[in-house]
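Asks: So here's coords-v3.cif (mmCIF, C-alpha atoms).
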data_input
loop_
_atom_site.label_atom_id
_atom_site.label_comp_id
_atom_site.auth_asym_id
_atom_site.auth_seq_id
_atom_site.Cartn_x
_atom_site.Cartn_y
_atom_site.Cartn_z
CA MET A 25 211.96 95.54 60.59
CA ASP A 26 212.91 99.12 59.73
CA ILE A 27 213.37 100.50 56.24
CA ALA A 28 217.18 100.68 56.45
CA ARG A 29 217.41 96.94 57.13
CA PHE A 30 214.71 96.17 54.59
CA ILE A 31 216.61 97.84 51.70
CA LYS A 32 220.03 96.74 53.04
CA LYS A 33 221.17 100.33 53.27
CA LYS A 34 224.83 100.86 52.50
CA SER A 35 227.07 102.78 54.87
CA TYR A 36 227.26 105.91 52.69
CA GLU A 37 223.57 105.80 51.77
CA LYS A 38 221.02 108.20 53.19
CA ILE A 39 217.24 107.69 52.84
CA GLU A 40 215.86 110.85 51.23
CA LEU A 41 212.24 109.95 50.50
CA VAL A 42 209.79 107.22 51.51
CA LEU A 43 206.68 107.52 49.36
CA ARG A 44 203.34 105.74 49.34
CA ARG A 45 200.24 106.15 47.23
CA HIS A 46 197.90 108.96 48.23
CA VAL A 47 195.33 107.84 50.82
CA ILE A 48 192.50 108.90 48.48
CA THR A 49 193.24 105.82 46.36
CA PHE A 50 192.30 103.66 49.35
CA LEU A 51 189.02 105.50 50.04
CA ALA A 52 187.15 103.54 47.37
CA HIS A 53 187.87 100.34 49.33
CA VAL A 54 186.71 102.04 52.55
CA PHE A 55 183.36 102.88 50.90
CA LEU A 56 183.04 99.33 49.59
CA PHE A 57 183.75 98.03 53.10
CA ALA A 58 181.10 100.34 54.58
CA LEU A 59 178.56 99.05 52.02
CA LEU A 60 179.41 95.44 52.84
CA MET A 61 178.90 96.20 56.54
CA LEU A 62 175.43 97.59 55.85
CA ALA A 63 174.30 94.77 53.56
CA PRO A 64 173.38 92.22 56.31
CA VAL A 65 171.51 94.91 58.26
CA ILE A 66 169.40 95.78 55.19
CA PHE A 67 168.91 92.08 54.47
CA TYR A 68 167.71 91.56 58.07
CA PHE A 69 165.05 94.27 57.81
CA ILE A 70 163.87 92.98 54.42
CA LEU A 71 163.57 89.42 55.78
CA LYS A 72 161.79 90.62 58.92
CA ASN A 73 159.19 92.47 56.86
CA LEU A 74 158.67 89.76 54.25
CA PHE A 75 158.76 86.74 56.61
CA PRO A 76 157.95 87.95 60.15
CA GLY A 77 158.17 84.54 61.82
CA ILE A 78 161.36 83.39 60.14
CA PHE A 79 163.62 84.09 63.09
CA GLU A 80 161.43 81.91 65.36
CA MET A 81 162.58 78.81 63.46
CA GLU A 82 165.70 77.61 65.23
CA ILE A 83 167.56 76.10 62.28
CA ILE A 84 166.98 79.19 60.11
CA TYR A 85 168.07 81.43 62.97
CA ILE A 86 171.33 79.45 63.42
CA PHE A 87 172.06 79.53 59.69
CA LEU A 88 171.42 83.27 59.49
CA VAL A 89 173.59 84.09 62.50
CA LEU A 90 176.50 81.87 61.39
CA GLY A 91 176.13 83.02 57.78
CA THR A 92 176.18 86.70 58.79
CA SER A 93 179.21 86.12 60.99
CA ILE A 94 181.09 84.42 58.12
CA PHE A 95 180.05 87.25 55.77
CA TYR A 96 181.41 89.92 58.14
CA MET A 97 184.68 88.04 58.74
CA THR A 98 185.17 87.68 54.99
CA ALA A 99 184.52 91.41 54.54
CA TYR A 100 187.16 92.20 57.19
CA LEU A 101 189.68 89.97 55.43
CA LEU A 102 188.91 91.55 52.07
CA PHE A 103 189.37 95.02 53.53
CA PHE A 104 192.65 94.02 55.17
CA VAL A 105 193.99 92.49 51.93
CA HIS A 106 193.08 95.67 50.01
CA PHE A 107 194.82 97.71 52.67
CA LEU A 108 197.92 95.55 52.30
CA ASP A 109 197.80 96.00 48.53
CA TYR A 110 197.61 99.78 48.99
CA TYR A 111 200.04 100.27 51.87
CA LEU A 112 202.83 97.98 50.71
CA ASP A 113 203.25 99.88 47.43
CA LEU A 114 206.35 101.75 48.48
CA TRP A 115 209.00 103.90 46.76
CA ILE A 116 212.21 104.55 48.64
CA VAL A 117 214.64 107.13 47.29
CA THR A 118 218.13 107.28 48.74
CA ASN A 119 221.08 109.39 47.62
CA ASP A 120 222.23 106.36 45.59
CA ARG A 121 219.21 104.54 44.20
CA ILE A 122 215.45 104.25 43.85
CA ILE A 123 213.71 101.14 45.14
CA ASP A 124 210.24 100.42 43.82
CA ILE A 125 208.20 97.90 45.81
CA GLU A 126 204.80 96.96 44.42
CA GLN A 127 202.46 94.56 46.12
CA PHE A 128 199.86 92.69 44.05
CA GLY A 129 197.37 91.01 46.37
CA LEU A 130 198.61 88.80 49.17
CA PHE A 131 201.11 86.52 47.45
CA SER A 132 202.77 88.65 44.81
CA ARG A 133 205.37 91.43 45.13
CA THR A 134 207.73 93.07 42.64
CA ILE A 135 210.85 94.95 43.75
CA SER A 136 212.89 97.03 41.29
CA GLU A 137 216.05 99.01 41.91
CA LEU A 138 217.51 101.78 39.84
CA ASP A 139 220.74 103.71 40.34
CA LEU A 140 220.15 107.45 40.45
CA PHE A 141 223.02 108.34 38.09
CA ARG A 142 221.36 106.26 35.31
CA ILE A 143 218.24 108.44 35.27
CA GLN A 144 217.77 110.17 31.93
CA ASP A 145 214.30 111.60 32.20
CA VAL A 146 211.77 112.29 34.96
CA THR A 147 208.19 113.13 33.99
CA SER A 148 205.37 113.96 36.37
CA ASN A 149 201.70 114.04 35.39
CA VAL A 150 198.53 114.94 37.19
CA HIS A 151 195.31 114.01 35.38
CA GLY A 152 191.73 114.41 36.57
CA PHE A 153 189.65 116.50 38.94
CA PHE A 154 190.55 114.83 42.24
CA PRO A 155 194.28 114.51 41.43
CA THR A 156 194.40 118.21 40.54
CA MET A 157 192.48 119.30 43.62
CA LEU A 158 194.41 117.03 45.99
CA ASN A 159 197.74 117.36 44.17
CA TYR A 160 198.67 113.75 43.52
CA GLY A 161 199.79 111.98 40.35
CA ASN A 162 202.31 109.75 38.63
CA ILE A 163 206.03 110.18 38.10
CA HIS A 164 207.78 108.27 35.31
CA VAL A 165 211.49 107.75 35.72
CA LYS A 166 213.28 106.61 32.58
CA THR A 167 216.81 105.40 32.03
CA ALA A 168 218.87 105.02 28.88
CA SER A 169 218.15 101.32 28.95
CA SER A 170 214.56 100.34 28.19
CA ASN A 171 214.72 97.43 30.66
CA ILE A 172 213.75 99.23 33.81
CA ASP A 173 211.44 102.20 34.07
CA ILE A 174 210.05 103.10 37.44
CA VAL A 175 206.61 104.65 37.89
CA PHE A 176 205.63 106.32 41.13
CA ARG A 177 201.84 105.82 41.10
CA ASN A 178 199.45 108.35 42.69
CA VAL A 179 202.03 109.94 44.97
CA ARG A 180 201.52 113.20 46.78
CA ASP A 181 203.00 116.41 45.29
CA PRO A 182 204.57 114.83 42.17
CA ASN A 183 206.12 118.07 40.89
CA THR A 184 208.20 118.64 44.01
CA ILE A 185 209.29 115.00 44.02
CA ARG A 186 210.25 115.26 40.35
CA GLU A 187 212.49 118.24 41.11
CA GLN A 188 214.05 116.41 44.05
CA LEU A 189 214.73 113.34 41.91
CA ILE A 190 216.45 115.41 39.23
CA LYS A 191 218.56 117.15 41.85
CA LEU A 192 219.54 113.84 43.52
CA SER A 193 220.28 112.28 40.15
CA ASP A 194 222.60 115.20 39.22
CA GLU A 195 224.43 114.96 42.54
CA ASP A 196 224.88 111.20 42.19
CA ARG A 197 226.14 111.58 38.61
CA LYS A 198 228.68 114.19 39.78
CA PHE A 199 229.75 111.87 42.60
CA HIS A 200 230.25 108.94 40.17
CA TYR A 201 232.04 111.19 37.65
CA LYS A 202 234.39 112.45 40.37
CA GLN A 203 235.00 108.89 41.55
CA ASP A 204 235.85 107.73 38.02
CA LYS A 205 238.18 110.69 37.59
CA ASP A 206 239.99 109.90 40.88
CA GLU A 207 240.36 106.24 39.88
CA ASN A 208 241.83 107.15 36.48
CA GLN A 209 244.42 109.51 37.95
CA MET B 26 168.93 61.12 58.29
CA SER B 27 169.58 63.53 61.10
CA ILE B 28 172.66 65.33 62.32
CA PRO B 29 173.28 67.19 65.56
CA LEU B 30 173.24 70.98 65.39
CA TYR B 31 176.84 71.22 66.60
CA SER B 32 177.94 69.83 63.20
CA PHE B 33 177.42 73.30 61.75
CA LEU B 34 179.77 74.70 64.34
CA PHE B 35 182.61 72.61 62.91
CA ALA B 36 182.35 74.44 59.59
CA TYR B 37 182.28 77.77 61.41
CA ILE B 38 185.36 76.86 63.47
CA LEU B 39 187.15 75.78 60.30
CA PHE B 40 186.39 79.19 58.79
CA LEU B 41 187.65 80.93 61.95
CA ILE B 42 190.95 79.03 61.67
CA PHE B 43 191.19 80.12 58.04
CA PHE B 44 190.53 83.74 59.08
CA VAL B 45 193.18 83.68 61.83
CA ILE B 46 195.80 82.19 59.47
CA PHE B 47 195.21 84.91 56.88
CA TYR B 48 195.17 87.64 59.52
CA ILE B 49 198.54 86.52 60.87
CA LEU B 50 199.88 86.26 57.31
CA ILE B 51 198.87 89.85 56.55
CA VAL B 52 200.39 91.15 59.80
CA TYR B 53 203.59 89.25 58.94
CA HIS B 54 203.64 90.89 55.48
CA ILE B 55 203.28 94.33 57.07
CA HIS B 56 206.12 93.58 59.48
CA ILE B 57 208.64 92.25 56.93
CA SER B 58 207.93 95.06 54.47
CA ALA B 59 209.01 97.76 56.95
CA SER B 60 205.47 99.12 56.85
CA TYR B 61 204.78 98.90 60.56
CA THR B 62 203.60 102.48 61.13
CA ILE B 63 200.88 104.08 63.26
CA PHE B 64 198.46 103.93 60.33
CA SER B 65 199.04 100.23 59.65
CA PHE B 66 198.85 99.50 63.38
CA PHE B 67 195.50 101.32 63.56
CA ILE B 68 194.07 99.34 60.64
CA THR B 69 195.39 96.05 62.07
CA PHE B 70 193.89 96.89 65.45
CA PHE B 71 190.58 97.95 63.84
CA VAL B 72 190.22 94.72 61.83
CA GLY B 73 191.21 92.58 64.83
CA THR B 74 188.74 94.36 67.11
CA CYS B 75 185.91 94.05 64.58
CA ALA B 76 186.63 90.32 64.23
CA ILE B 77 186.63 89.79 68.00
CA LEU B 78 183.40 91.77 68.42
CA THR B 79 181.73 89.81 65.61
CA PHE B 80 182.78 86.52 67.21
CA TYR B 81 181.50 87.72 70.61
CA PHE B 82 178.08 88.76 69.23
CA THR B 83 177.80 85.48 67.31
CA TRP B 84 178.52 83.53 70.48
CA HIS B 85 176.05 85.70 72.45
CA LEU B 86 173.27 85.26 69.89
CA LEU B 87 173.78 81.50 69.77
CA SER B 88 174.30 80.98 73.50
CA ASP B 89 170.69 79.79 74.09
CA VAL B 90 170.77 77.18 71.34
CA ASP B 91 170.63 73.53 72.36
CA TRP B 92 173.42 72.23 70.14
CA LYS B 93 172.79 68.57 70.98
CA LYS B 94 169.38 68.70 69.32
CA ARG B 95 169.25 66.77 66.08
CA VAL B 96 168.00 68.22 62.83
CA VAL B 97 166.39 65.96 60.23
CA LEU B 98 167.95 66.45 56.81
CA PHE B 99 165.67 64.08 54.92
CA GLU B 100 163.34 61.14 55.64
CA ASN B 101 164.97 57.93 54.48
CA ASN B 102 162.61 54.98 54.82
CA SER B 103 164.06 52.47 52.33
CA MET B 104 161.21 49.92 52.89
CA THR B 105 158.71 52.21 51.14
CA LEU B 106 160.74 51.98 47.94
CA PHE B 107 159.95 48.31 47.52
CA GLU B 108 156.53 47.72 49.20
CA LYS B 109 153.06 48.95 48.38
CA PRO B 110 152.08 51.81 50.60
CA ALA B 111 149.78 50.92 53.47
CA PRO B 112 146.08 51.71 52.83
CA ILE B 113 144.89 54.95 54.33
CA PRO B 114 142.49 54.16 57.24
CA LEU B 115 138.94 55.44 56.61
CA ASP B 116 137.43 57.77 59.19
CA GLU B 117 133.93 56.50 60.21
CA ASN B 118 132.72 59.94 61.29
CA VAL B 119 133.38 61.65 57.95
CA PRO B 120 130.45 61.22 55.46
CA GLY B 121 131.40 59.88 52.07
CA THR B 122 134.19 57.71 53.40
CA GLN B 123 131.87 54.86 54.41
CA ASP B 124 130.82 52.03 52.10
CA GLU B 125 127.12 52.93 52.47
CA VAL B 126 125.72 56.38 53.07
CA ASN B 127 122.54 56.44 55.17
CA PHE B 128 120.04 59.01 53.84
CA ASN B 129 117.52 58.51 56.68
#
Rewrite the structure of this file - the entire thing - as structure tokens.
Replies:
Amino acid sequence: MDIARFIKKKSYEKIELVLRRHVITFLAHVFLFALLMLAPVIFYFILKNLFPGIFEMEIIYIFLVLGTSIFYMTAYLLFFVHFLDYYLDLWIVTNDRIIDIEQFGLFSRTISELDLFRIQDVTSNVHGFFPTMLNYGNIHVKTASSNIDIVFRNVRDPNTIREQLIKLSDEDRKFHYKQDKDENQ
Amino acid sequence: MSIPLYSFLFAYILFLIFFVIFYILIVYHIHISASYTIFSFFITFFVGTCAILTFYFTWHLLSDVDWKKRVVLFENNSMTLFEKPAPIPLDENVPGTQDEVNFN
């Protein structure tokens, strides 16, 4: 399924931005995965040194092999679920609206939509050493109503995106104002 | 009570089924969320390959096992719960176990 079908793109709509979280936010899970991969190897060497003849016993050997296999498969699943959680957090900006898709684990997803002309305030912030060095941060988009506020979390180059959002919001407001004026005449 | 070794394989196969179901579910999520990109394809391929390799090495390491062999979980002789234990036979060659010790 492509993005246009996913967001049910209207005929006059044009997809301006498709944003995801910066890949650095996924690196912590990659390190955790690497540690989990090493754990059985370390455990094997510890067991071999402490109990040299343990692998000669057939039942112990079977349990260890099956147990290690199950451990590795579980680690792969955990890694894949974390990847899904990271990669399916998506912000799509068109010339008409902002769509915020946030994935929470495997069985939970929140989708919010916000018309561009309703945007009142756009704030970007970059906090911390790595965000400053790698230029990623959060963007808060606020409307007049307090019901829906959209937050772009850990996106790349937040200042440029903020400027683009303001520009798109102004253009959409002008378009809606012109439309209202034509309807009233 | 004893069970054949292949009983443990049933639990492993059940886990494999569980793994495959979740793997397909995650791939389905990626597809319906319009997130099917080169990066997601690479991660999907990487996880799938690792799983296949793990399964292959598991099968290879366990290929010499005689799965029909039975493993004893515990000794269950219910008669010993209700009867006096049989007397331990004395060994005639061991001194001190005889009724009379000959000092000559």
Asks: With a cut-off of 9 Å and counting all atoms listed in the file, select all residues of chain A in contact with chain B and give the selection as number ranges by chain.
Replies: A: 25-30, 82-83, 85-87, 89-94, 96-98, 100-101, 103-105, 107-108, 111-112, 114, 130
Asks: Take atom CA of Pro64 of chain A and atom CA of Ile84 of chain A and report the distance between them in Å, one decimal.
Replies: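 Taking atom CA of Pro64 of chain A and atom CA of Ile84 of chain A, their separation equals 15.0 Å.
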Asks: Got a sec to resolve the PyMOL selection byres ((chain A and resi 177) around 8) on this structure and send the residues as an MDAnalysis selection string?
Replies: chainID A and resid 45 161:163 175:176 178:179
Asks: Show me, as a list of chain:residue names, the residues that have an atom within 10 Å of Lys93 of chain B when counting all atoms listed in the file, minus same-chain residues fewer than 4 positions from it.
Replies: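 Close residues of Lys93 of chain B: B:Ile28, B:Pro29, B:Leu30, B:Tyr31, B:Ser32.
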Asks: Hey, which of A:His106, A:Lys72, A:His164, A:Arg197 ends up closest to Leu140 of chain A? Count only C-alpha atoms.
Replies: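 That would be A:Arg197, the residue with the smallest distance to Leu140 of chain A.
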Asks: Would you translate the PyMOL selection byres ((chain A and resi 127) around 8) into the concrete set of residues it matches in this file, as a PyMOL selection string?
Replies: chain A and resi 108-110+112-113+125-126+128-130+132-134
Asks: As a check of understanding, name the residues that the PyMOL selection byres ((chain A and resi 54-59) around 9) selects in the supplied structure, as a list in words.
Replies: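 Going through the file, the PyMOL selection byres ((chain A and resi 54-59) around 9) ends up selecting Phe50, Leu51, Ala52, His53, Leu60, Met61, Leu62, Ala63, Ala99, Tyr100, Leu102 and Phe103 of chain A.
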Asks: Between atom CA of Ile48 of chain A and atom CA of Pro155 of chain A, what is the distance, to one decimal in Å?
Replies: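 Going from atom CA of Ile48 of chain A over to atom CA of Pro155 of chain A, I get 9.2 Å.
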Asks: Could you state the separation of atom CA of Leu43 of chain A and atom CA of Ile123 of chain A in Å, given to one decimal place?
Replies: 10.4 Å
Asks: List as a list in words the protein and nucleic acid residues near Phe199 of chain A, meaning an atom at most 10 Å away when all atoms listed in the file are counted, but skip any in the same chain fewer than 5 places from it.
Replies: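 The residues satisfying every condition are Asp120, Phe141, Ser193, Asp194, Asp204 and Lys205 of chain A.
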Asks: Identify the residues around (207.0, 114.5, 37.6) within a radius of 7 Å, measuring from all atoms listed in the file in the coordinates stated by the file, and give them as a list of chain:residue names.
Replies: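 Residues with an atom close enough to that point: A:Val146, A:Thr147, A:Ser148, A:Asn149, A:Asn162, A:Ile163, A:His164, A:Pro182, A:Asn183, A:Ile185, A:Arg186.
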Asks: Any chance you could build segment 36-47 of chain B out to all heavy atoms and write it as an mmCIF file, in the coordinates of the input?
Replies:
data_model
loop_
_atom_site.group_PDB
_atom_site.id
_atom_site.type_symbol
_atom_site.label_atom_id
_atom_site.label_comp_id
_atom_site.auth_asym_id
_atom_site.auth_seq_id
_atom_site.Cartn_x
_atom_site.Cartn_y
_atom_site.Cartn_z
ATOM 1 N N ALA B 36 182.054 73.642 60.786
ATOM 2 C CA ALA B 36 182.350 74.440 59.590
ATOM 3 C C ALA B 36 182.714 75.869 59.971
ATOM 4 O O ALA B 36 183.625 76.466 59.399
ATOM 5 C CB ALA B 36 181.130 74.444 58.660
ATOM 6 N N TYR B 37 182.014 76.395 60.967
ATOM 7 C CA TYR B 37 182.280 77.770 61.410
ATOM 8 C C TYR B 37 183.673 77.874 62.039
ATOM 9 O O TYR B 37 184.409 78.825 61.763
ATOM 10 C CB TYR B 37 181.207 78.195 62.423
ATOM 11 C CG TYR B 37 181.339 79.615 62.900
ATOM 12 C CD1 TYR B 37 181.131 80.676 62.033
ATOM 13 C CD2 TYR B 37 181.684 79.894 64.219
ATOM 14 C CE1 TYR B 37 181.267 81.981 62.456
ATOM 15 C CE2 TYR B 37 181.814 81.201 64.651
ATOM 16 C CZ TYR B 37 181.605 82.237 63.772
ATOM 17 O OH TYR B 37 181.741 83.529 64.200
ATOM 18 N N ILE B 38 184.027 76.850 62.832
ATOM 19 C CA ILE B 38 185.360 76.860 63.470
ATOM 20 C C ILE B 38 186.448 76.741 62.412
ATOM 21 O O ILE B 38 187.492 77.396 62.500
ATOM 22 C CB ILE B 38 185.450 75.734 64.526
ATOM 23 C CG1 ILE B 38 184.603 76.118 65.758
ATOM 24 C CG2 ILE B 38 186.887 75.491 64.956
ATOM 25 C CD1 ILE B 38 184.289 74.969 66.669
ATOM 26 N N LEU B 39 186.186 75.929 61.397
ATOM 27 C CA LEU B 39 187.150 75.780 60.300
ATOM 28 C C LEU B 39 187.366 77.139 59.616
ATOM 29 O O LEU B 39 188.508 77.533 59.307
ATOM 30 C CB LEU B 39 186.590 74.775 59.283
ATOM 31 C CG LEU B 39 187.585 74.137 58.339
ATOM 32 C CD1 LEU B 39 188.510 73.213 59.104
ATOM 33 C CD2 LEU B 39 186.862 73.334 57.263
ATOM 34 N N PHE B 40 186.286 77.865 59.400
ATOM 35 C CA PHE B 40 186.390 79.190 58.790
ATOM 36 C C PHE B 40 187.169 80.146 59.698
ATOM 37 O O PHE B 40 187.980 80.951 59.210
ATOM 38 C CB PHE B 40 184.998 79.772 58.494
ATOM 39 C CG PHE B 40 185.048 81.164 57.956
ATOM 40 C CD1 PHE B 40 185.296 81.395 56.621
ATOM 41 C CD2 PHE B 40 184.886 82.254 58.797
ATOM 42 C CE1 PHE B 40 185.384 82.681 56.124
ATOM 43 C CE2 PHE B 40 184.969 83.550 58.308
ATOM 44 C CZ PHE B 40 185.225 83.763 56.977
ATOM 45 N N LEU B 41 186.931 80.057 61.005
ATOM 46 C CA LEU B 41 187.650 80.930 61.950
ATOM 47 C C LEU B 41 189.157 80.660 61.890
ATOM 48 O O LEU B 41 189.963 81.589 61.934
ATOM 49 C CB LEU B 41 187.150 80.699 63.378
ATOM 50 C CG LEU B 41 185.831 81.358 63.757
ATOM 51 C CD1 LEU B 41 185.509 81.080 65.213
ATOM 52 C CD2 LEU B 41 185.846 82.852 63.504
ATOM 53 N N ILE B 42 189.522 79.394 61.767
ATOM 54 C CA ILE B 42 190.950 79.030 61.670
ATOM 55 C C ILE B 42 191.539 79.648 60.401
ATOM 56 O O ILE B 42 192.633 80.224 60.419
ATOM 57 C CB ILE B 42 191.128 77.497 61.688
ATOM 58 C CG1 ILE B 42 190.761 76.941 63.068
ATOM 59 C CG2 ILE B 42 192.556 77.093 61.331
ATOM 60 C CD1 ILE B 42 190.610 75.432 63.112
ATOM 61 N N PHE B 43 190.793 79.537 59.315
ATOM 62 C CA PHE B 43 191.190 80.120 58.040
ATOM 63 C C PHE B 43 191.386 81.634 58.174
ATOM 64 O O PHE B 43 192.384 82.204 57.712
ATOM 65 C CB PHE B 43 190.097 79.763 57.015
ATOM 66 C CG PHE B 43 190.152 80.492 55.712
ATOM 67 C CD1 PHE B 43 190.948 80.039 54.686
ATOM 68 C CD2 PHE B 43 189.374 81.616 55.492
ATOM 69 C CE1 PHE B 43 190.983 80.700 53.467
ATOM 70 C CE2 PHE B 43 189.416 82.285 54.283
ATOM 71 C CZ PHE B 43 190.217 81.823 53.271
ATOM 72 N N PHE B 44 190.464 82.287 58.871
ATOM 73 C CA PHE B 44 190.530 83.740 59.080
ATOM 74 C C PHE B 44 191.779 84.101 59.880
ATOM 75 O O PHE B 44 192.526 85.026 59.525
ATOM 76 C CB PHE B 44 189.275 84.218 59.827
ATOM 77 C CG PHE B 44 189.299 85.680 60.175
ATOM 78 C CD1 PHE B 44 188.848 86.619 59.274
ATOM 79 C CD2 PHE B 44 189.774 86.108 61.402
ATOM 80 C CE1 PHE B 44 188.874 87.971 59.584
ATOM 81 C CE2 PHE B 44 189.809 87.457 61.716
ATOM 82 C CZ PHE B 44 189.360 88.388 60.811
ATOM 83 N N VAL B 45 192.034 83.371 60.965
ATOM 84 C CA VAL B 45 193.180 83.680 61.830
ATOM 85 C C VAL B 45 194.501 83.500 61.062
ATOM 86 O O VAL B 45 195.409 84.326 61.172
ATOM 87 C CB VAL B 45 193.147 82.790 63.109
ATOM 88 C CG1 VAL B 45 194.468 82.848 63.849
ATOM 89 C CG2 VAL B 45 192.017 83.221 64.021
ATOM 90 N N ILE B 46 194.578 82.446 60.265
ATOM 91 C CA ILE B 46 195.800 82.190 59.470
ATOM 92 C C ILE B 46 196.069 83.368 58.537
ATOM 93 O O ILE B 46 197.194 83.874 58.454
ATOM 94 C CB ILE B 46 195.691 80.868 58.691
ATOM 95 C CG1 ILE B 46 195.775 79.675 59.655
ATOM 96 C CG2 ILE B 46 196.777 80.751 57.625
ATOM 97 C CD1 ILE B 46 195.422 78.345 59.034
ATOM 98 N N PHE B 47 195.028 83.807 57.825
ATOM 99 C CA PHE B 47 195.210 84.910 56.880
ATOM 100 C C PHE B 47 195.509 86.223 57.588
ATOM 101 O O PHE B 47 196.298 87.041 57.096
ATOM 102 C CB PHE B 47 193.981 85.057 55.972
ATOM 103 C CG PHE B 47 194.088 84.258 54.716
ATOM 104 C CD1 PHE B 47 193.839 82.898 54.728
ATOM 105 C CD2 PHE B 47 194.476 84.850 53.530
ATOM 106 C CE1 PHE B 47 193.974 82.147 53.568
ATOM 107 C CE2 PHE B 47 194.600 84.100 52.360
ATOM 108 C CZ PHE B 47 194.350 82.744 52.391
#
